[in-house]
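**Q** Could you have a look at this structure, given as structure tokens, before my questions?
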Amino acid sequence: MTKNLRVKTSKFIDETYKISFKFNRTTYYGYKGDTLASALLANDVHLVGRSFKYHRPRGIMTAGSEEPNAIVQLHNNSARTEPNVRATEIEIYEGLEASSQNCWPSVNFDIGGINNFLSPVLPAGFYYKTFMWPASFWEKYEYFIRKSAGLGKSPTEPDPDIYEHKYIHCDVLVVGAGIAGILAAKTAAKNGFKTLLLDEKSYLGGSTIYQNIENHKINNQISNSWLEKEINEIKKLKNLEIKVRTSVAAFHGYNFLLARENLTDHLPLDQRKNKTRHRLLKIRAKKVIMATGSLERPLIFDNNDRPGILLSSAIEKYANLFGVACGEKGVLFTNNDSGYETAISLFQKGINIEAIIDNRENIDSKLIKEIEKNNIKVFKGYTVVNTSGYKRINNVSIMQLSKDGQKVVGPKLSIACDYLGISGGWTPAVHLFTQSGGKLKFRDEDQVFIPNIYSSDQISIGSCNGDFTLDEILSSIPNKLKEFLDLKKSDYDDLEVQSSFNKSKRNIWLLPSDKVIGKTKPFVDYQNDATAKDIKLALREGFRSIEHVKRYTTTGMGTDQGKLGNMHALGIISETAGSKMGELGTTTFRPPYTPLTFGTIVGRNVGEYFDIFRKTPIHEWHVQNKAEFENVGQWKRAWYYPKNGESMHNAVQRESKAARDSAGILDASTLGKIDIQGTDASEFLNRVYTNAWSKLAIGRCRYGLMLNEDGMVYDDGVTTRLDENHYIMTTTTGGAATVLGKLEDYLQTEWPELDVYLTSVTDHYATISVCGPNSKKIVSQVIPDLDFSDKSFPHMSFKNAKIDKIKCRVMRISFTGEQSYEINVQANYGKSVWEKCMEIGKEFNITPYGTETMHLLRAEKGFIIVGQDTDATMTPIDLQMDWIVSKKKYDFIGKRSLYRSDTIKEDRKQLVGLLTENPDEVLEEGAQIVADIKKSPIEMLGHVTSSYYSPNLKKSIALGVVRGGKNMIGHKLIIPMENKNINVTVADPVFLDKENKRINA
Amino acid sequence: MFVINCPYCGEREQSEFKAGGEAHIIRPKQPTELSDDEWAEYLFMRKNIKGVQFERWNHAHGCRKWFNVVRDTSNDAIKAVYKMGEKPPTY
């Protein structure tokens, strides 16, 4: 039977609103306002998970986002299940189901617990060291290691929830709504700054709001009631937007921050429908005020990880905010006054404390006096040396510390307990500050890193700046804010603050033990099971850099990023290595501060919204005619048109045959089109293409090859001279945008003297390509007014014409090797002209073909596709396209590179045709080409770039690049495949109609 | 993500821009007269400074204009922005 540890009503908990939830299949009850952790503790459940490596029982350790242990699997539905959710953050709702992770069959009986007893043989670097030998066995080890790696389970179905992104611009962003953040937000908003205040918790006021200690007063009121009034006031400010449950994940340069706003995770399941779950805020702030507070440090001693051991501040929060006791017999272990603040809070709530162990010896303060007044035993100058209790702490062993704090002395005392609070002082939460590029400095007197040099217009205030006590915070804030916001006065200039916190602290990173370290388990990183012993081992093995020690021991590499123990790791390293802490630096704090869901990161950019896709004006026709589509860049292009359940192969064979036998029609609208105008247009083309353009007559078309400055082929296409100073250039579909960008670059930066204007007109025209021996018959009926005779309209020429009243440009150009006409019309007429061609072409069996057939047809003709047969290492010479490189032109982009010592080498990879010994054997694109398979390793000569079965030639054809291939025509080579070797002969890349009879027919 | 003050449009997010590498590398007027080494110097050699660097940027998702930026690569602080052809400031 579980106990009820709800001790006293708290105003933050609504006891009239009872909520049932399930944890590890058991039903429990909590109240509105509870987190999963507080509700479990109220039911006396501490054991919530098993540790990563040793499967040790672990309990709730904190009350916030720094939680290393209480990470649970939420929901058991395969689409929404979520691993590694911090029980300390998730608010309970009706229907919540959570379970423990990293244990089997259950958290109470976990087979993996055997690792705890094997731990002497599982030191740091165990996996690195053990599974290295023999190297070839890695494949076998990997399966088992992967199986045991990771915490929790991923969902197996797509996430059904809605996420979104939102941009926010503000004058002042305040991160953290503790007392410092509240003061800052009010000051900024009241002085006309558009202010945004964010806090990861569900309430405002940080830890001050629930601390009810007589000794802490502001203007003669207890600090929490004073702050409550301030909070009520800021809620009325018009200039201030407040967002709770909003965790800042990243702080980038120029005050750009990313935050996750959690909108529905706290709602009952039936109230979440159609609501945005998480929102990623992309915030650009003119000024940023960091008030992120601080995290309490644990203390590092033997067996400091048992369920029932919590941070002292967490125990205080559970008592004050949630009205929950963490047990019935408490012991607190502290090295500073924070432990006494907890003790007072517990005492006020009637929660039992057996003893306080303080490692400071001669210490006195008002807080301590008050404790002693109430007959709570305080052991001064003592330390905990061990704890016992497997699934719940039941005892602590304490010993006196030597004067220097290096040893323990005297007899060992034992105190029975069922919970232990530990307080090692406070670490400023500087994670976001350092992410922004800020530099820290180490403050020796209390051993903390604090902000030192800012990288942008920002300040850190409050305890994240190392001001830990109420009087320090409130005395420094008004002046800091006035300076930062350039104000004459603030509301807080004359605050009267009373605080009785004694600042002294006795910092010992690794507390001494009566046992040798090898026999102890002082955990530094709870989630990744890294102990002080592991860190010392790493140092003994020669690791020096903190970054290396981190990776070797995995300290700080869990989902909590070592928020609790990283400082101790640093401390232990510097002590062991004898270096100074400040010189050692810290490991890099990387975003996100707390894990984000993938949904938050991608927002609405999923499924069909992942990327925009572009459709041609004829797209609907392709859809209606059952085309299969292919993505080309952002375009959806018709790939092939299967008829009556045809396979792709059969469809492509049919389409290819029809295009050569009678007529084919292709939607070529996606090709990039750039309108070029200006008195220097011809000169411009001369400079960007390898061939000469000055003599191209008006009304004629020319194929051009464009290189990079390094001489490698970049793009190709046909350009038509429409008028004296007017050209239209076509580019590859995928290259349109980058070609325009490159041309603009040259025009603006290298040749600003040229009078040339470039306009992208890709989307303005639909391009319909009709090819085949009957193409002329079809287009001459589509455009009856135009003279299509070869004399008047030869290959590579252009005519303006009209189809009814629709203006069109007709180019006689060919990418298939067939006689071919391209009709360009204003985009919105594209579909009707296409349909007209189809109608008229019916008697010639006009066959729509897609990109696959287009690729096959051009391969028969040996035409290259830039990006398929080339890969930015191919010069025109490598492509056997010497004919297109002008010898006369003084210069063009890439010319000089064509005779660099490397580009003139004879044994470069060159484009050739490949014919298989067996004409029915079709090669795989990408397959390797070799000459000799006996030699080991086999020397690779090149690879297959394009390969098809040609229905027109009735054999398999392929293009490929082969080292020195140009001089190997007729040579026999081998394509080694997994289960066979294919014999091929090197051939000319033009397989069909080398004489261009068909094109000119 | 930094903010760039486009000399034609004003302050915009970095995501609107495209980086164009080191600035003030002039394309040789007579490439054919250069040795392989001299041409390689133009073609391949780029500085990669930790500190103040002169760079070309293009407002790709805006006015599409190219211009120069002086940026400290160690902290992304932009020291100056100036148009193509303008005299570079000294740093």
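Letters A, B, ... mark the chains of the structure tokens in the order given; residue numbers begin at 1 per chain; ligand numbers begin at 1, in order shown.
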When DSSP is applied to the backbone of this structure, which of range 12-60 of chain B are assigned strand (DSSP E or B)? Write them out as a PyMOL selection string.
**A** chain B and resi 12-13+18-22+52-58
**Q** Mind writing the picked residues with all heavy atoms as a compact mmCIF listing (two decimals), in the first residue's frame?
**A**
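File selection.txt, as written:
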```txt
# COMPACT_ATOMS: atom_id res chain seq x y z
N ARG B 12 18.60 42.80 -43.33
CA ARG B 12 17.84 41.57 -43.59
C ARG B 12 18.55 40.40 -42.92
O ARG B 12 19.73 40.43 -42.66
CB ARG B 12 17.77 41.30 -45.10
CG ARG B 12 17.02 42.34 -45.91
CD ARG B 12 15.52 42.27 -45.63
NE ARG B 12 14.77 43.08 -46.58
CZ ARG B 12 14.59 44.39 -46.50
NH1 ARG B 12 15.14 45.07 -45.50
NH2 ARG B 12 13.88 45.03 -47.40
N GLU B 13 17.78 39.33 -42.68
CA GLU B 13 18.33 38.10 -42.11
C GLU B 13 19.37 37.48 -43.04
O GLU B 13 19.20 37.51 -44.27
CB GLU B 13 17.20 37.07 -41.93
CG GLU B 13 16.14 37.44 -40.95
CD GLU B 13 16.51 37.11 -39.52
OE1 GLU B 13 17.15 36.07 -39.30
OE2 GLU B 13 16.18 37.92 -38.64
N LYS B 18 23.46 34.97 -49.96
CA LYS B 18 24.33 33.87 -50.33
C LYS B 18 25.76 34.38 -50.23
O LYS B 18 26.06 35.48 -50.69
CB LYS B 18 24.00 33.49 -51.78
CG LYS B 18 24.58 32.20 -52.23
CD LYS B 18 24.17 31.92 -53.68
CE LYS B 18 25.31 31.20 -54.35
NZ LYS B 18 25.60 31.62 -55.68
N ALA B 19 26.62 33.57 -49.62
CA ALA B 19 28.02 33.99 -49.49
C ALA B 19 28.75 33.74 -50.80
O ALA B 19 28.48 32.76 -51.49
CB ALA B 19 28.68 33.20 -48.37
N GLY B 20 29.66 34.63 -51.15
CA GLY B 20 30.36 34.50 -52.43
C GLY B 20 31.87 34.46 -52.30
O GLY B 20 32.59 34.73 -53.25
N GLY B 21 32.34 34.12 -51.12
CA GLY B 21 33.79 33.95 -50.95
C GLY B 21 34.53 35.26 -50.83
O GLY B 21 33.95 36.34 -50.70
N GLU B 22 35.85 35.14 -50.90
CA GLU B 22 36.73 36.29 -50.68
C GLU B 22 36.50 37.38 -51.71
O GLU B 22 36.30 37.10 -52.90
CB GLU B 22 38.18 35.80 -50.74
CG GLU B 22 39.17 36.84 -50.29
CD GLU B 22 40.61 36.35 -50.41
OE1 GLU B 22 40.83 35.12 -50.48
OE2 GLU B 22 41.49 37.20 -50.46
N VAL B 52 39.33 39.73 -39.30
CA VAL B 52 38.63 40.58 -40.26
C VAL B 52 38.86 40.09 -41.70
O VAL B 52 40.00 39.96 -42.14
CB VAL B 52 39.08 42.05 -40.11
CG1 VAL B 52 38.45 42.91 -41.20
CG2 VAL B 52 38.70 42.56 -38.73
N GLN B 53 37.80 39.81 -42.36
CA GLN B 53 37.87 39.24 -43.70
C GLN B 53 36.97 40.04 -44.65
O GLN B 53 35.87 40.42 -44.28
CB GLN B 53 37.42 37.78 -43.62
CG GLN B 53 37.50 37.03 -44.91
CD GLN B 53 37.55 35.52 -44.67
OE1 GLN B 53 38.52 34.97 -44.20
NE2 GLN B 53 36.45 34.85 -44.98
N PHE B 54 37.45 40.26 -45.87
CA PHE B 54 36.64 40.96 -46.88
C PHE B 54 35.95 39.91 -47.74
O PHE B 54 36.60 39.04 -48.30
CB PHE B 54 37.54 41.85 -47.74
CG PHE B 54 38.08 43.03 -46.99
CD1 PHE B 54 39.04 42.87 -45.99
CD2 PHE B 54 37.62 44.32 -47.25
CE1 PHE B 54 39.53 43.95 -45.27
CE2 PHE B 54 38.10 45.41 -46.53
CZ PHE B 54 39.06 45.23 -45.55
N GLU B 55 34.63 40.00 -47.82
CA GLU B 55 33.85 38.96 -48.48
C GLU B 55 32.85 39.53 -49.46
O GLU B 55 32.41 40.66 -49.32
CB GLU B 55 33.06 38.15 -47.43
CG GLU B 55 33.92 37.49 -46.39
CD GLU B 55 33.09 36.89 -45.28
OE1 GLU B 55 31.98 37.37 -45.02
OE2 GLU B 55 33.57 35.92 -44.67
N ARG B 56 32.48 38.68 -50.43
CA ARG B 56 31.40 39.03 -51.34
C ARG B 56 30.12 38.38 -50.84
O ARG B 56 30.12 37.23 -50.42
CB ARG B 56 31.68 38.49 -52.75
CG ARG B 56 32.80 39.13 -53.48
CD ARG B 56 33.43 38.23 -54.56
NE ARG B 56 32.65 37.09 -54.96
CZ ARG B 56 31.89 37.04 -56.08
NH1 ARG B 56 31.84 38.05 -56.91
NH2 ARG B 56 31.22 35.94 -56.37
N TRP B 57 29.02 39.12 -50.91
CA TRP B 57 27.72 38.55 -50.55
C TRP B 57 26.71 38.95 -51.62
O TRP B 57 26.83 39.99 -52.26
CB TRP B 57 27.25 39.05 -49.18
CG TRP B 57 27.95 38.35 -48.05
CD1 TRP B 57 29.19 38.63 -47.55
CD2 TRP B 57 27.46 37.23 -47.29
NE1 TRP B 57 29.50 37.77 -46.53
CE2 TRP B 57 28.46 36.90 -46.35
CE3 TRP B 57 26.28 36.49 -47.31
CZ2 TRP B 57 28.32 35.86 -45.43
CZ3 TRP B 57 26.13 35.46 -46.40
CH2 TRP B 57 27.15 35.15 -45.47
N ASN B 58 25.72 38.11 -51.79
CA ASN B 58 24.69 38.35 -52.78
C ASN B 58 23.32 38.30 -52.10
O ASN B 58 23.03 37.36 -51.36
CB ASN B 58 24.78 37.27 -53.88
CG ASN B 58 23.72 37.44 -54.96
OD1 ASN B 58 23.02 36.51 -55.31
ND2 ASN B 58 23.60 38.65 -55.49
```
**Q** Give the residues of chain A that lie within 7 Å of chain B; count only C-alpha atoms, and format the answer as a ChimeraX atom specification.
**A** /A:252-254,256,710,745,748-750,896,900
**Q** Which residue, A:Leu237, A:Ile351, A:Ile728, A:Ala79, has the smallest gap to Thr156 in chain A when you use only C-alpha atoms?
**A**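 Nearest candidate to Thr156 in chain A out of A:Leu237, A:Ile351, A:Ile728, A:Ala79: A:Ala79.
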**Q** Using only C-alpha atoms, which of the listed residues (A:Ser669, A:Ser950, A:Asn918, A:Thr427) sits closest to His619 in chain A?
**A**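 Of the candidates, the smallest distance to His619 in chain A is held by A:Ser669.
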**Q** Among range 130-275 of chain A, which residues carry a DSSP assignment of alpha helix (DSSP H), reported as a VMD selection string?
**A** chain A and resid 130 138 to 148 179 to 190 223 to 234
**Q** Separation of CA of Glu296 in chain A and CA of Glu445 in chain A, in Å?
**A**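 Separation of CA of Glu296 in chain A and CA of Glu445 in chain A: 17.1 Å.
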**Q** Do a neighbour search on Glu541 in chain A at 12 Å with only C-alpha atoms, toss out local chain neighbours closer than 5 positions, and write the hits as a PyMOL selection string.
**A** chain A and resi 124-125+534-536+548-549+552-553+577
**Q** List the spatial neighbours of Glu372 in chain A as number ranges by chain - criterion: any atom at most 12 Å away, only C-alpha atoms, same-chain residues fewer than 4 positions off excluded.
**A** A: 340, 343-344, 347, 353-356, 364-368, 376-380
**Q** Pick out the residues sitting within 9 Å of His764 in chain A, and hand them over as a list in words; count only C-alpha atoms, and ignore anything fewer than 5 positions along from it in its own chain.
**A** Lys673, Val825, Gln826, Ala827 and Asn828 of chain A
**Q** For the selection you just gave me, I'd like the residues written to a file as a PDB file, in the first residue's frame, keeping N, CA and C atoms.
**A**
```pdb
ATOM      1  N   LYS A 673      14.856  29.151 -68.625  1.00  0.00           N
ATOM      2  CA  LYS A 673      14.861  30.095 -69.744  1.00  0.00           C
ATOM      3  C   LYS A 673      15.291  31.464 -69.228  1.00  0.00           C
ATOM      4  N   VAL A 825       4.810  28.836 -75.776  1.00  0.00           N
ATOM      5  CA  VAL A 825       3.682  29.769 -75.687  1.00  0.00           C
ATOM      6  C   VAL A 825       3.600  30.293 -74.265  1.00  0.00           C
ATOM      7  N   GLN A 826       2.923  31.422 -74.140  1.00  0.00           N
ATOM      8  CA  GLN A 826       2.683  31.965 -72.811  1.00  0.00           C
ATOM      9  C   GLN A 826       2.109  30.846 -71.944  1.00  0.00           C
ATOM     10  N   ALA A 827       2.605  30.742 -70.691  1.00  0.00           N
ATOM     11  CA  ALA A 827       2.338  29.565 -69.868  1.00  0.00           C
ATOM     12  C   ALA A 827       0.864  29.174 -69.800  1.00  0.00           C
ATOM     13  N   ASN A 828      -0.024  30.167 -69.687  1.00  0.00           N
ATOM     14  CA  ASN A 828      -1.424  29.789 -69.473  1.00  0.00           C
ATOM     15  C   ASN A 828      -2.103  29.202 -70.717  1.00  0.00           C
TER      16      ASN A 828
END
```
**Q** Give me the residues within 9 Å of Ala859 in chain A as a ChimeraX atom specification, counting only C-alpha atoms and dropping any in the same chain fewer than 5 places off.
**A** /A:816,854,864-865,946-948,950,957-959,989-991
**Q** List the spatial neighbours of range 809-813 of chain A as a PDB file with all heavy atoms, in the first residue's frame - criterion: any atom at most 8 Å away, only C-alpha atoms, same-chain residues fewer than 5 positions off excluded.
**A**
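Writing done, so here's selection.pdb:
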```pdb
ATOM      1  N   CYS A 701      19.514  29.244 -83.947  1.00  0.00           N
ATOM      2  CA  CYS A 701      19.746  28.700 -82.614  1.00  0.00           C
ATOM      3  C   CYS A 701      21.135  28.060 -82.570  1.00  0.00           C
ATOM      4  O   CYS A 701      21.646  27.613 -83.592  1.00  0.00           O
ATOM      5  CB  CYS A 701      18.729  27.617 -82.274  1.00  0.00           C
ATOM      6  SG  CYS A 701      17.037  28.016 -82.726  1.00  0.00           S
ATOM      7  N   PHE A 793      12.749  26.770 -92.918  1.00  0.00           N
ATOM      8  CA  PHE A 793      12.791  26.504 -91.476  1.00  0.00           C
ATOM      9  C   PHE A 793      13.703  25.301 -91.216  1.00  0.00           C
ATOM     10  O   PHE A 793      13.246  24.216 -90.868  1.00  0.00           O
ATOM     11  CB  PHE A 793      11.362  26.228 -90.978  1.00  0.00           C
ATOM     12  CG  PHE A 793      11.175  26.419 -89.487  1.00  0.00           C
ATOM     13  CD1 PHE A 793       9.884  26.414 -88.946  1.00  0.00           C
ATOM     14  CD2 PHE A 793      12.254  26.600 -88.615  1.00  0.00           C
ATOM     15  CE1 PHE A 793       9.682  26.583 -87.582  1.00  0.00           C
ATOM     16  CE2 PHE A 793      12.061  26.769 -87.266  1.00  0.00           C
ATOM     17  CZ  PHE A 793      10.775  26.761 -86.746  1.00  0.00           C
ATOM     18  N   PRO A 794      15.041  25.510 -91.406  1.00  0.00           N
ATOM     19  CA  PRO A 794      15.961  24.385 -91.235  1.00  0.00           C
ATOM     20  C   PRO A 794      16.207  24.070 -89.758  1.00  0.00           C
ATOM     21  O   PRO A 794      15.800  24.826 -88.873  1.00  0.00           O
ATOM     22  CB  PRO A 794      17.242  24.881 -91.912  1.00  0.00           C
ATOM     23  CG  PRO A 794      17.192  26.362 -91.764  1.00  0.00           C
ATOM     24  CD  PRO A 794      15.744  26.760 -91.747  1.00  0.00           C
ATOM     25  N   HIS A 795      16.891  22.971 -89.546  1.00  0.00           N
ATOM     26  CA  HIS A 795      17.307  22.597 -88.196  1.00  0.00           C
ATOM     27  C   HIS A 795      18.106  23.757 -87.581  1.00  0.00           C
ATOM     28  O   HIS A 795      18.843  24.440 -88.271  1.00  0.00           O
ATOM     29  CB  HIS A 795      18.169  21.328 -88.271  1.00  0.00           C
ATOM     30  CG  HIS A 795      18.620  20.823 -86.931  1.00  0.00           C
ATOM     31  ND1 HIS A 795      17.755  20.529 -85.908  1.00  0.00           N
ATOM     32  CD2 HIS A 795      19.866  20.552 -86.454  1.00  0.00           C
ATOM     33  CE1 HIS A 795      18.423  20.118 -84.853  1.00  0.00           C
ATOM     34  NE2 HIS A 795      19.716  20.121 -85.155  1.00  0.00           N
ATOM     35  N   MET A 796      17.943  23.978 -86.267  1.00  0.00           N
ATOM     36  CA  MET A 796      18.607  25.049 -85.516  1.00  0.00           C
ATOM     37  C   MET A 796      18.172  26.446 -85.969  1.00  0.00           C
ATOM     38  O   MET A 796      18.988  27.353 -86.093  1.00  0.00           O
ATOM     39  CB  MET A 796      20.147  24.928 -85.579  1.00  0.00           C
ATOM     40  CG  MET A 796      20.693  23.661 -84.936  1.00  0.00           C
ATOM     41  SD  MET A 796      20.120  23.381 -83.235  1.00  0.00           S
ATOM     42  CE  MET A 796      21.406  24.194 -82.303  1.00  0.00           C
ATOM     43  N   SER A 797      16.876  26.588 -86.212  1.00  0.00           N
ATOM     44  CA  SER A 797      16.379  27.926 -86.508  1.00  0.00           C
ATOM     45  C   SER A 797      15.072  28.170 -85.766  1.00  0.00           C
ATOM     46  O   SER A 797      14.509  27.266 -85.150  1.00  0.00           O
ATOM     47  CB  SER A 797      16.203  28.128 -88.012  1.00  0.00           C
ATOM     48  OG  SER A 797      15.201  27.263 -88.489  1.00  0.00           O
ATOM     49  N   PHE A 798      14.638  29.395 -85.839  1.00  0.00           N
ATOM     50  CA  PHE A 798      13.516  29.829 -85.009  1.00  0.00           C
ATOM     51  C   PHE A 798      12.562  30.709 -85.802  1.00  0.00           C
ATOM     52  O   PHE A 798      12.966  31.421 -86.703  1.00  0.00           O
ATOM     53  CB  PHE A 798      14.111  30.599 -83.820  1.00  0.00           C
ATOM     54  CG  PHE A 798      13.291  31.768 -83.370  1.00  0.00           C
ATOM     55  CD1 PHE A 798      12.216  31.595 -82.499  1.00  0.00           C
ATOM     56  CD2 PHE A 798      13.570  33.054 -83.832  1.00  0.00           C
ATOM     57  CE1 PHE A 798      11.456  32.686 -82.099  1.00  0.00           C
ATOM     58  CE2 PHE A 798      12.809  34.138 -83.438  1.00  0.00           C
ATOM     59  CZ  PHE A 798      11.750  33.962 -82.559  1.00  0.00           C
ATOM     60  N   LYS A 799      11.261  30.606 -85.481  1.00  0.00           N
ATOM     61  CA  LYS A 799      10.257  31.452 -86.137  1.00  0.00           C
ATOM     62  C   LYS A 799       9.262  31.964 -85.093  1.00  0.00           C
ATOM     63  O   LYS A 799       8.887  31.225 -84.177  1.00  0.00           O
ATOM     64  CB  LYS A 799       9.443  30.635 -87.161  1.00  0.00           C
ATOM     65  CG  LYS A 799      10.240  30.085 -88.308  1.00  0.00           C
ATOM     66  CD  LYS A 799      10.266  31.055 -89.458  1.00  0.00           C
ATOM     67  CE  LYS A 799      11.009  30.434 -90.638  1.00  0.00           C
ATOM     68  NZ  LYS A 799      11.812  31.441 -91.328  1.00  0.00           N
ATOM     69  N   ASN A 800       8.834  33.214 -85.248  1.00  0.00           N
ATOM     70  CA  ASN A 800       7.674  33.694 -84.503  1.00  0.00           C
ATOM     71  C   ASN A 800       6.435  33.262 -85.256  1.00  0.00           C
ATOM     72  O   ASN A 800       6.420  33.289 -86.481  1.00  0.00           O
ATOM     73  CB  ASN A 800       7.697  35.221 -84.421  1.00  0.00           C
ATOM     74  CG  ASN A 800       8.584  35.691 -83.279  1.00  0.00           C
ATOM     75  OD1 ASN A 800       8.478  35.196 -82.166  1.00  0.00           O
ATOM     76  ND2 ASN A 800       9.478  36.621 -83.578  1.00  0.00           N
ATOM     77  N   ALA A 801       5.400  32.878 -84.559  1.00  0.00           N
ATOM     78  CA  ALA A 801       4.194  32.434 -85.262  1.00  0.00           C
ATOM     79  C   ALA A 801       2.985  32.664 -84.381  1.00  0.00           C
ATOM     80  O   ALA A 801       3.099  33.180 -83.259  1.00  0.00           O
ATOM     81  CB  ALA A 801       4.325  30.954 -85.602  1.00  0.00           C
ATOM     82  N   GLN A 819      14.000  14.746 -86.026  1.00  0.00           N
ATOM     83  CA  GLN A 819      13.471  16.038 -86.414  1.00  0.00           C
ATOM     84  C   GLN A 819      12.512  16.459 -85.304  1.00  0.00           C
ATOM     85  O   GLN A 819      11.689  15.661 -84.842  1.00  0.00           O
ATOM     86  CB  GLN A 819      12.704  15.854 -87.714  1.00  0.00           C
ATOM     87  CG  GLN A 819      12.309  17.134 -88.363  1.00  0.00           C
ATOM     88  CD  GLN A 819      11.456  16.851 -89.571  1.00  0.00           C
ATOM     89  OE1 GLN A 819      10.309  16.431 -89.448  1.00  0.00           O
ATOM     90  NE2 GLN A 819      12.022  17.070 -90.747  1.00  0.00           N
ATOM     91  N   SER A 820      12.644  17.713 -84.878  1.00  0.00           N
ATOM     92  CA  SER A 820      11.944  18.062 -83.645  1.00  0.00           C
ATOM     93  C   SER A 820      11.647  19.563 -83.586  1.00  0.00           C
ATOM     94  O   SER A 820      12.463  20.375 -83.997  1.00  0.00           O
ATOM     95  CB  SER A 820      12.831  17.614 -82.477  1.00  0.00           C
ATOM     96  OG  SER A 820      12.382  18.129 -81.280  1.00  0.00           O
ATOM     97  N   TYR A 821      10.451  19.895 -83.104  1.00  0.00           N
ATOM     98  CA  TYR A 821      10.047  21.299 -82.994  1.00  0.00           C
ATOM     99  C   TYR A 821       9.637  21.606 -81.563  1.00  0.00           C
ATOM    100  O   TYR A 821       8.909  20.826 -80.939  1.00  0.00           O
ATOM    101  CB  TYR A 821       8.858  21.591 -83.929  1.00  0.00           C
ATOM    102  CG  TYR A 821       9.219  21.371 -85.378  1.00  0.00           C
ATOM    103  CD1 TYR A 821       9.068  20.111 -85.966  1.00  0.00           C
ATOM    104  CD2 TYR A 821       9.728  22.414 -86.151  1.00  0.00           C
ATOM    105  CE1 TYR A 821       9.424  19.890 -87.290  1.00  0.00           C
ATOM    106  CE2 TYR A 821      10.086  22.201 -87.482  1.00  0.00           C
ATOM    107  CZ  TYR A 821       9.931  20.942 -88.044  1.00  0.00           C
ATOM    108  OH  TYR A 821      10.296  20.739 -89.351  1.00  0.00           O
ATOM    109  N   GLU A 822      10.104  22.742 -81.089  1.00  0.00           N
ATOM    110  CA  GLU A 822       9.698  23.175 -79.749  1.00  0.00           C
ATOM    111  C   GLU A 822       8.804  24.391 -79.869  1.00  0.00           C
ATOM    112  O   GLU A 822       9.216  25.426 -80.391  1.00  0.00           O
ATOM    113  CB  GLU A 822      10.922  23.537 -78.901  1.00  0.00           C
ATOM    114  CG  GLU A 822      11.513  22.339 -78.190  1.00  0.00           C
ATOM    115  CD  GLU A 822      12.602  22.724 -77.196  1.00  0.00           C
ATOM    116  OE1 GLU A 822      12.633  23.884 -76.746  1.00  0.00           O
ATOM    117  OE2 GLU A 822      13.411  21.843 -76.896  1.00  0.00           O
ATOM    118  N   ILE A 823       7.587  24.248 -79.367  1.00  0.00           N
ATOM    119  CA  ILE A 823       6.648  25.376 -79.414  1.00  0.00           C
ATOM    120  C   ILE A 823       6.609  26.009 -78.028  1.00  0.00           C
ATOM    121  O   ILE A 823       6.321  25.336 -77.030  1.00  0.00           O
ATOM    122  CB  ILE A 823       5.228  24.893 -79.796  1.00  0.00           C
ATOM    123  CG1 ILE A 823       5.289  24.119 -81.116  1.00  0.00           C
ATOM    124  CG2 ILE A 823       4.264  26.066 -79.880  1.00  0.00           C
ATOM    125  CD1 ILE A 823       3.988  23.409 -81.452  1.00  0.00           C
ATOM    126  N   ASN A 824       6.946  27.305 -77.976  1.00  0.00           N
ATOM    127  CA  ASN A 824       6.891  28.038 -76.706  1.00  0.00           C
ATOM    128  C   ASN A 824       5.714  29.003 -76.737  1.00  0.00           C
ATOM    129  O   ASN A 824       5.636  29.850 -77.632  1.00  0.00           O
ATOM    130  CB  ASN A 824       8.171  28.847 -76.507  1.00  0.00           C
ATOM    131  CG  ASN A 824       9.360  27.949 -76.237  1.00  0.00           C
ATOM    132  OD1 ASN A 824       9.618  27.566 -75.116  1.00  0.00           O
ATOM    133  ND2 ASN A 824      10.064  27.580 -77.303  1.00  0.00           N
ATOM    134  N   VAL A 825       4.810  28.836 -75.776  1.00  0.00           N
ATOM    135  CA  VAL A 825       3.682  29.769 -75.687  1.00  0.00           C
ATOM    136  C   VAL A 825       3.600  30.293 -74.265  1.00  0.00           C
ATOM    137  O   VAL A 825       4.129  29.686 -73.330  1.00  0.00           O
ATOM    138  CB  VAL A 825       2.328  29.102 -76.033  1.00  0.00           C
ATOM    139  CG1 VAL A 825       2.263  28.776 -77.505  1.00  0.00           C
ATOM    140  CG2 VAL A 825       2.082  27.885 -75.178  1.00  0.00           C
TER     141      VAL A 825
END
```
**Q** Rounded to one decimal place, report the CA of Lys273 in chain A-CA of Glu164 in chain A distance in Å.
**A**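 Calculated distance between CA of Lys273 in chain A and CA of Glu164 in chain A is 15.1 Å.
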**Q** Identify which of the residues A:Ser789, A:Gln101, A:Ser456, A:Gln880 lies closest to Val72 in chain A, counting only C-alpha atoms when measuring atom-to-atom distances.
**A**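 Of the candidates, the smallest distance to Val72 in chain A is held by A:Gln101.
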